[in-house]
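Below is the file upload_31.csv, which contains CSV, C-alpha atoms.
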chain,number,residue,atom,x,y,z
A,163,MET,CA,117.4,58.9,32.8
A,164,LEU,CA,115.5,59.7,29.6
A,165,ALA,CA,117.7,58.3,26.8
A,166,ILE,CA,121.1,57.1,25.7
A,167,VAL,CA,122.0,58.3,22.2
A,168,ALA,CA,125.0,58.3,19.9
A,169,VAL,CA,126.3,60.6,17.1
A,170,PRO,CA,129.1,60.0,14.5
A,171,GLN,CA,132.6,60.3,16.0
A,172,THR,CA,133.4,63.0,13.4
A,173,ASN,CA,130.4,65.0,14.5
A,174,ARG,CA,130.7,65.0,18.3
A,175,VAL,CA,128.8,67.2,20.7
A,176,LEU,CA,129.9,68.9,23.9
A,177,CYS,CA,129.3,67.1,27.3
A,178,GLN,CA,127.1,69.4,29.4
A,179,GLN,CA,128.8,68.5,32.7
A,180,PRO,CA,129.9,71.9,34.2
A,181,GLY,CA,133.7,72.3,33.6
A,182,CYS,CA,134.1,69.2,31.4
A,183,GLN,CA,134.7,70.8,28.0
A,184,HIS,CA,135.1,67.4,26.3
A,185,SER,CA,133.2,66.3,23.2
A,186,VAL,CA,131.4,63.0,23.2
A,187,TYR,CA,129.8,60.8,20.6
A,188,ALA,CA,129.0,57.4,22.0
A,189,ALA,CA,126.6,56.6,24.9
A,190,ILE,CA,125.5,60.2,25.5
A,191,HIS,CA,123.2,60.1,28.6
A,192,VAL,CA,120.3,62.5,28.5
A,193,VAL,CA,118.9,63.1,32.0
A,194,ASP,CA,116.2,65.2,33.6
A,195,GLU,CA,117.6,66.8,36.7
A,196,GLY,CA,114.9,68.8,38.4
A,197,GLY,CA,113.5,69.9,35.1
A,198,GLN,CA,116.8,70.7,33.6
A,199,LEU,CA,117.8,68.4,30.6
A,200,LEU,CA,121.5,67.5,30.5
A,201,ALA,CA,123.4,65.6,27.8
A,202,LEU,CA,126.4,63.9,29.5
A,203,GLY,CA,129.2,61.7,28.4
A,204,SER,CA,129.2,58.3,30.1
A,205,SER,CA,132.2,59.1,32.4
A,206,CYS,CA,130.7,62.4,33.6
A,207,PHE,CA,127.4,60.7,34.1
A,208,ALA,CA,129.0,58.0,36.4
A,209,LYS,CA,130.9,60.7,38.3
A,210,ARG,CA,127.8,62.9,38.7
A,211,TYR,CA,125.5,60.2,39.9
A,212,GLY,CA,127.8,57.6,41.5
A,213,SER,CA,127.8,54.8,39.0
A,214,ALA,CA,127.1,54.0,35.3
A,215,LYS,CA,123.8,52.4,36.4
A,216,ALA,CA,122.7,54.8,39.1
A,217,LEU,CA,119.5,55.9,37.3
A,218,GLY,CA,118.5,52.5,35.8
A,219,GLN,CA,117.4,51.9,32.3
A,220,PRO,CA,116.6,54.9,30.0
A,221,LEU,CA,112.8,55.6,29.7
A,222,HIS,CA,112.5,56.4,26.0
A,223,ALA,CA,115.6,55.3,23.9
A,224,GLY,CA,118.8,53.4,24.1
A,225,ALA,CA,117.8,50.7,26.6
A,226,SER,CA,120.6,48.4,25.2
A,227,GLY,CA,123.2,50.9,26.6
A,228,SER,CA,125.0,51.3,23.3
A,229,GLY,CA,123.2,54.5,22.3
A,230,ARG,CA,120.4,55.1,19.8
A,231,PRO,CA,122.0,56.6,16.7
A,232,LEU,CA,120.8,60.1,15.9
A,233,SER,CA,120.2,61.5,12.4
A,234,ASP,CA,121.7,64.9,11.6
A,235,GLU,CA,118.4,66.6,12.4
A,236,GLU,CA,118.1,64.8,15.7
A,237,ARG,CA,121.7,65.7,16.6
A,238,GLN,CA,120.9,69.3,16.1
A,239,LEU,CA,117.8,68.9,18.3
A,240,LEU,CA,119.9,67.4,21.0
A,241,ILE,CA,121.9,70.6,21.0
A,242,ASP,CA,119.2,73.2,20.4
A,243,ASN,CA,116.0,71.7,21.8
A,244,THR,CA,116.6,68.5,23.8
A,245,ALA,CA,113.0,68.5,25.1
A,246,GLU,CA,111.6,68.2,21.6
A,247,LEU,CA,114.0,65.3,20.8
A,248,ILE,CA,112.8,63.5,23.9
A,249,GLU,CA,109.1,64.1,22.9
A,250,ARG,CA,109.9,62.5,19.5
A,251,PHE,CA,111.3,59.5,21.3
A,252,LYS,CA,108.1,59.2,23.4
A,253,VAL,CA,105.9,59.3,20.3
A,254,GLU,CA,108.2,56.7,18.6
A,255,ALA,CA,108.0,54.4,21.6
A,256,GLU,CA,104.2,54.7,21.9
A,257,ARG,CA,103.8,53.9,18.2
A,258,ALA,CA,106.0,50.8,18.5
A,259,ARG,CA,104.0,49.6,21.5
A,260,ALA,CA,100.7,50.2,19.6
A,261,GLU,CA,102.0,48.2,16.6
A,262,ALA,CA,103.1,45.3,18.8
A,263,ALA,CA,99.7,45.2,20.6
A,264,ALA,CA,97.9,45.3,17.2
A,265,LYS,CA,100.0,42.4,15.9
A,266,LEU,CA,99.3,40.3,19.0
A,267,GLN,CA,95.6,41.1,18.8
A,268,ALA,CA,95.6,40.0,15.1
A,269,LEU,CA,97.4,36.8,16.1
A,270,ARG,CA,94.8,36.1,18.8
A,271,ALA,CA,92.0,36.7,16.3
A,272,ARG,CA,93.5,34.2,13.9
A,273,ALA,CA,93.9,31.7,16.7
A,274,ALA,CA,90.3,32.1,17.7
A,275,ALA,CA,89.1,31.7,14.1
A,276,GLN,CA,91.1,28.5,13.7
A,277,HIS,CA,89.8,27.1,17.0
A,278,GLN,CA,86.3,27.4,15.6
A,279,GLY,CA,87.3,25.3,12.6
A,280,GLN,CA,89.1,22.0,12.6
A,281,PRO,CA,92.1,22.2,15.0
A,282,LYS,CA,95.5,21.4,13.7
A,283,MET,CA,96.9,18.1,15.0
A,284,THR,CA,99.4,18.9,17.8
A,285,PHE,CA,102.8,17.2,18.3
A,286,LEU,CA,101.5,15.2,21.2
A,287,GLU,CA,98.6,13.9,19.1
A,288,ARG,CA,100.9,12.9,16.3
A,289,MET,CA,103.1,11.1,18.8
A,290,GLU,CA,100.1,9.2,20.2
A,291,LYS,CA,98.9,8.2,16.7
A,292,LEU,CA,102.4,7.0,15.8
A,293,SER,CA,102.8,5.0,19.0
A,294,GLN,CA,99.4,3.3,18.4
A,295,SER,CA,100.4,2.3,14.8
A,296,ARG,CA,103.8,0.8,15.8
A,297,GLU,CA,104.1,-2.9,16.6
A,298,GLN,CA,105.6,-3.7,20.0
A,299,PRO,CA,106.1,-7.5,20.2
A,300,SER,CA,108.0,-7.3,23.5
A,301,GLN,CA,105.6,-4.9,25.4
A,302,PRO,CA,102.8,-2.6,24.5
A,303,ALA,CA,103.6,1.0,23.6
A,304,GLU,CA,103.8,3.3,26.5
A,305,ARG,CA,101.2,6.1,26.2
A,306,PRO,CA,102.4,9.6,26.9
A,307,LEU,CA,101.2,11.0,30.2
A,308,ALA,CA,97.9,12.8,30.2
A,309,ALA,CA,97.9,16.3,28.8
A,310,SER,CA,96.7,17.7,32.1
A,311,ASN,CA,99.7,16.2,33.9
A,312,ARG,CA,102.5,16.6,31.3
A,313,PRO,CA,101.5,18.0,27.8
A,314,TRP,CA,105.0,17.9,26.2
A,315,ALA,CA,105.9,14.4,25.0
A,316,TRP,CA,109.5,15.7,24.5
A,317,GLN,CA,109.9,17.0,28.1
A,318,HIS,CA,112.9,15.6,30.2
A,319,PRO,CA,111.7,12.5,32.1
A,320,ARG,CA,113.3,13.6,35.3
A,321,ASN,CA,113.7,17.4,35.2
A,322,THR,CA,109.9,18.0,35.1
A,323,SER,CA,110.0,21.5,36.8
A,324,VAL,CA,108.6,24.2,34.5
A,325,ALA,CA,108.3,27.9,34.7
A,326,VAL,CA,105.1,29.8,33.6
A,327,LEU,CA,105.2,33.5,32.6
A,328,THR,CA,102.5,35.7,31.2
A,329,ASP,CA,102.9,38.4,28.5
A,330,PRO,CA,101.2,41.8,28.9
A,331,GLN,CA,98.2,40.6,26.9
A,332,GLY,CA,97.6,37.5,29.1
A,333,GLN,CA,99.1,34.8,26.9
A,334,HIS,CA,101.0,32.2,28.9
A,335,TRP,CA,104.4,30.8,28.0
A,336,VAL,CA,106.1,27.8,29.7
A,337,ARG,CA,109.8,27.2,30.1
A,338,VAL,CA,110.2,23.4,29.6
A,339,GLN,CA,113.4,21.3,29.5
A,340,HIS,CA,113.8,19.0,26.5
A,341,PHE,CA,115.0,15.5,27.1
A,342,ASP,CA,118.3,16.5,25.4
A,343,GLY,CA,118.8,19.0,28.2
A,344,SER,CA,118.1,22.2,26.2
A,345,GLN,CA,115.5,24.7,27.2
A,346,LYS,CA,112.3,25.6,25.3
A,347,LEU,CA,109.6,28.2,25.6
A,348,ALA,CA,106.2,26.8,24.7
A,349,PRO,CA,102.9,28.8,24.3
A,350,TRP,CA,100.1,27.7,26.5
A,351,PRO,CA,97.7,27.1,24.9
A,352,VAL,CA,99.2,26.9,21.4
A,353,PHE,CA,97.7,29.5,19.1
A,354,ASP,CA,98.0,30.3,15.4
A,355,GLY,CA,100.9,32.7,14.9
A,356,TRP,CA,102.8,31.7,18.1
A,357,ASP,CA,106.0,31.3,16.0
A,358,GLU,CA,106.0,35.1,15.3
A,359,ALA,CA,105.0,36.3,18.7
A,360,LEU,CA,108.5,36.4,20.4
A,361,PRO,CA,111.5,38.5,19.1
A,362,PRO,CA,114.2,36.6,17.3
A,363,SER,CA,116.7,37.3,20.1
A,364,CYS,CA,114.7,34.9,22.3
A,365,GLY,CA,115.3,31.9,20.0
A,366,HIS,CA,113.9,30.2,17.0
A,367,PRO,CA,110.5,28.4,16.7
A,368,ASP,CA,110.5,24.7,16.2
A,369,GLU,CA,107.3,23.7,14.4
A,370,ASP,CA,107.5,20.0,15.4
A,371,LEU,CA,107.8,20.8,19.1
A,372,GLN,CA,105.5,23.8,18.9
A,373,ALA,CA,107.9,25.7,21.1
A,374,TYR,CA,110.9,28.1,20.8
A,375,SER,CA,114.4,26.7,21.1
A,376,VAL,CA,116.1,29.0,23.5
A,377,PRO,CA,120.0,29.2,23.5
A,378,ASN,CA,120.2,31.3,26.6
A,379,ILE,CA,117.2,30.9,28.9
A,380,VAL,CA,118.5,33.4,31.5
A,381,ALA,CA,119.1,36.2,29.0
A,382,THR,CA,115.7,35.4,27.3
A,383,LEU,CA,113.8,35.6,30.6
A,384,THR,CA,115.5,38.9,31.4
A,385,LYS,CA,114.6,40.2,28.0
A,386,LEU,CA,111.0,39.2,28.3
A,387,GLY,CA,110.8,40.8,31.8
A,388,SER,CA,111.9,44.1,30.3
A,389,MET,CA,109.0,43.7,27.8
A,390,GLY,CA,106.5,43.4,30.5
A,391,PHE,CA,106.2,39.7,31.0
A,392,SER,CA,105.4,38.5,34.5
A,393,ALA,CA,108.1,36.9,36.8
A,394,PRO,CA,108.3,33.1,36.2
A,395,LYS,CA,106.2,30.9,38.4
A,396,VAL,CA,108.2,27.7,38.9
A,397,GLY,CA,107.1,24.2,39.9
A,398,ASN,CA,105.6,21.0,38.5
A,399,TRP,CA,103.0,21.5,35.8
A,400,SER,CA,100.2,20.4,38.0
A,401,GLU,CA,101.2,23.1,40.5
A,402,VAL,CA,101.7,26.0,38.2
A,403,ARG,CA,99.4,25.3,35.3
A,404,PRO,CA,97.3,28.4,34.5
A,405,LYS,CA,93.6,28.2,35.3
A,406,SER,CA,91.3,28.1,32.3
A,407,PRO,CA,89.6,31.5,31.6

If you convert what's in this file into structure tokens, what do you get?
Amino acid sequence: MLAIVAVPQTNRVLCQQPGCQHSVYAAIHVVDEGGQLLALGSSCFAKRYGSAKALGQPLHAGASGSGRPLSDEERQLLIDNTAELIERFKVEAERARAEAAAKLQALRARAAAQHQGQPKMTFLERMEKLSQSREQPSQPAERPLAASNRPWAWQHPRNTSVAVLTDPQGQHWVRVQHFDGSQKLAPWPVFDGWDEALPPSCGHPDEDLQAYSVPNIVATLTKLGSMGFSAPKVGNWSEVRPKSP
């Protein structure tokens, strides 16, 4: 499977399944079958290969399954020179990966530069300072657990299992359950620009917690896996904490 594309309904193209003769416009599957490129409607694709997911995710475009919209020029290439259209998709995908890698590298450089200066006070440090300043006539304030044991003061007191995953550039992210039951994704260690490192579909950054609030952790982990993140390593923090470089 090379790509899934779409054209306007008023400007359909013919399905290339032998004997089909139907015109298609949405979820046109472009496949390489022994060196022959075919553009098939979704129904013909499923019949030809056994199911709609027989060949897995497309390599170059339309991974969402809804079909990458084609311009008029690209539609004509689909008909006249499918190989050139696929080559354009390859270049487009490589450019996007290069831009993402450059952005992450810039974020890492900013984080390194900040680390050499005065570090920003973390949420845990702010909580410790606040607890020390409060008066507790009945009993002394309870200090948060040591950072090496449990670095998130907001972590659920009983559900302490976390999951560590690593992005393609080696940055670690930790799935942590908040004491309100919601799930968060926290960078480890926190770096400058962490709040721009993950796509908006994963959740929104919470500056106070220094973590992303994640509405659907299963969908987010699946999304990150498709982006090249490692499989989550699950356990207590002391068991799965990444080793220092």

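Look at Gln333 in chain A: the protein and nucleic acid residues within 10 Å of it, using all atoms listed in the file and passing over chain neighbours fewer than 6 places away, are A:Leu266, A:Arg270, A:Leu327, A:Pro349, A:Trp350, A:Pro351, A:Val352, A:Phe353, A:Phe391.
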
Can I get the residues of range 205-250 of chain A within 10 Å of range 177-183 of chain A, each with the closest pair of atoms and their distance in Å to one decimal, using all atoms listed in the file, sorted chain first then ascending number, as JSON lines?
{"residue": "A:Ser205", "atom": "CA", "partner": "A:Cys177", "partner_atom": "CA", "distance": 9.9}
{"residue": "A:Cys206", "atom": "CA", "partner": "A:Gln179", "partner_atom": "CA", "distance": 6.5}
{"residue": "A:Phe207", "atom": "CA", "partner": "A:Gln179", "partner_atom": "CA", "distance": 8.0}
{"residue": "A:Lys209", "atom": "CA", "partner": "A:Gln179", "partner_atom": "CA", "distance": 9.8}
{"residue": "A:Arg210", "atom": "CA", "partner": "A:Gln179", "partner_atom": "CA", "distance": 8.3}
{"residue": "A:Ile241", "atom": "CA", "partner": "A:Gln178", "partner_atom": "CA", "distance": 10.0}

TODO: Tell me which protein, DNA and RNA residues are within 12 Å of Ala208 in chain A, counting all atoms listed in the file, leaving out same-chain ones fewer than 2 positions away, and put them as a PyMOL selection string.
DONE: chain A and resi 179+189-191+202-206+210-218

- [ ] Rounded to one decimal place, report the CA of Pro362 in chain A-CA of Ala274 in chain A distance in Å.
- [x]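 Interatomic distance, CA of Pro362 in chain A to CA of Ala274 in chain A: 24.3 Å.
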
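Proximity ranking of A:Asp368, A:Glu195, A:Glu249, A:Asp329 relative to Lys346 in chain A places A:Asp368 first, based on all atoms listed in the file.
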
Open item on the list: Given all atoms listed in the file as the basis, pick out the residue of A:Gly343, A:Pro170, A:Pro330, A:Gly196 nearest to Trp316 in chain A.
Closed with: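 Checking each of A:Gly343, A:Pro170, A:Pro330, A:Gly196 against Trp316 in chain A, counting all atoms listed in the file, the winner is A:Gly343.
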
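As for CA of Gln345 in chain A and CA of Ser388 in chain A, they are spaced 20.0 Å apart.
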
- [ ] For the point (102.1, 30.9, 42.1) in the file's frame, write as JSON, numbers by chain all residues with an atom no more than 12 Å away, counting only C-alpha atoms.
- [x] {"A": [325, 326, 327, 328, 392, 393, 394, 395, 396, 397, 398, 399, 400, 401, 402, 403, 404, 405]}

Task: Selected residue of minimal separation from Val192 in chain A among A:Val175, A:Leu239, A:Ile248, A:Ala255, counting all atoms listed in the file - done: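 Answer, going by the shortest atom-to-atom distance: A:Ile248.
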
Open item on the list: Quick one: residues within 12 Å of Val167 in chain A, all atoms listed in the file, excluding same-chain residues fewer than 2 positions away - as a PyMOL selection string?
Closed with: chain A and resi 163-165+169-170+174-175+186-193+201-204+220+222-233+236-237+240+244+247-248+251

Task: Minimum-distance residue to Gln198 in chain A, chosen among A:Ile166, A:Ala245, A:Met389, A:Leu383 (using all atoms listed in the file) - done: A:Ala245

Open item on the list: Under the rule that all atoms listed in the file are counted, which of A:Val253, A:Val324, A:Ala359, A:Leu221 is the nearest residue to Gln267 in chain A?
Closed with: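 Nearest candidate to Gln267 in chain A out of A:Val253, A:Val324, A:Ala359, A:Leu221: A:Ala359.
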
Open item on the list: What does the structure give for the distance between CA of Ala263 in chain A and CA of Lys385 in chain A, in Å to one decimal?
Closed with: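 CA of Lys385 in chain A lies at a distance of 17.4 Å from CA of Ala263 in chain A.
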
Task: Among the residues A:Arg257, A:Lys252, A:Arg272, A:His184, the one that comes closest to Gly355 in chain A [using all atoms listed in the file] - done: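 Using all atoms listed in the file, the shortest distance to Gly355 in chain A belongs to A:Arg272.
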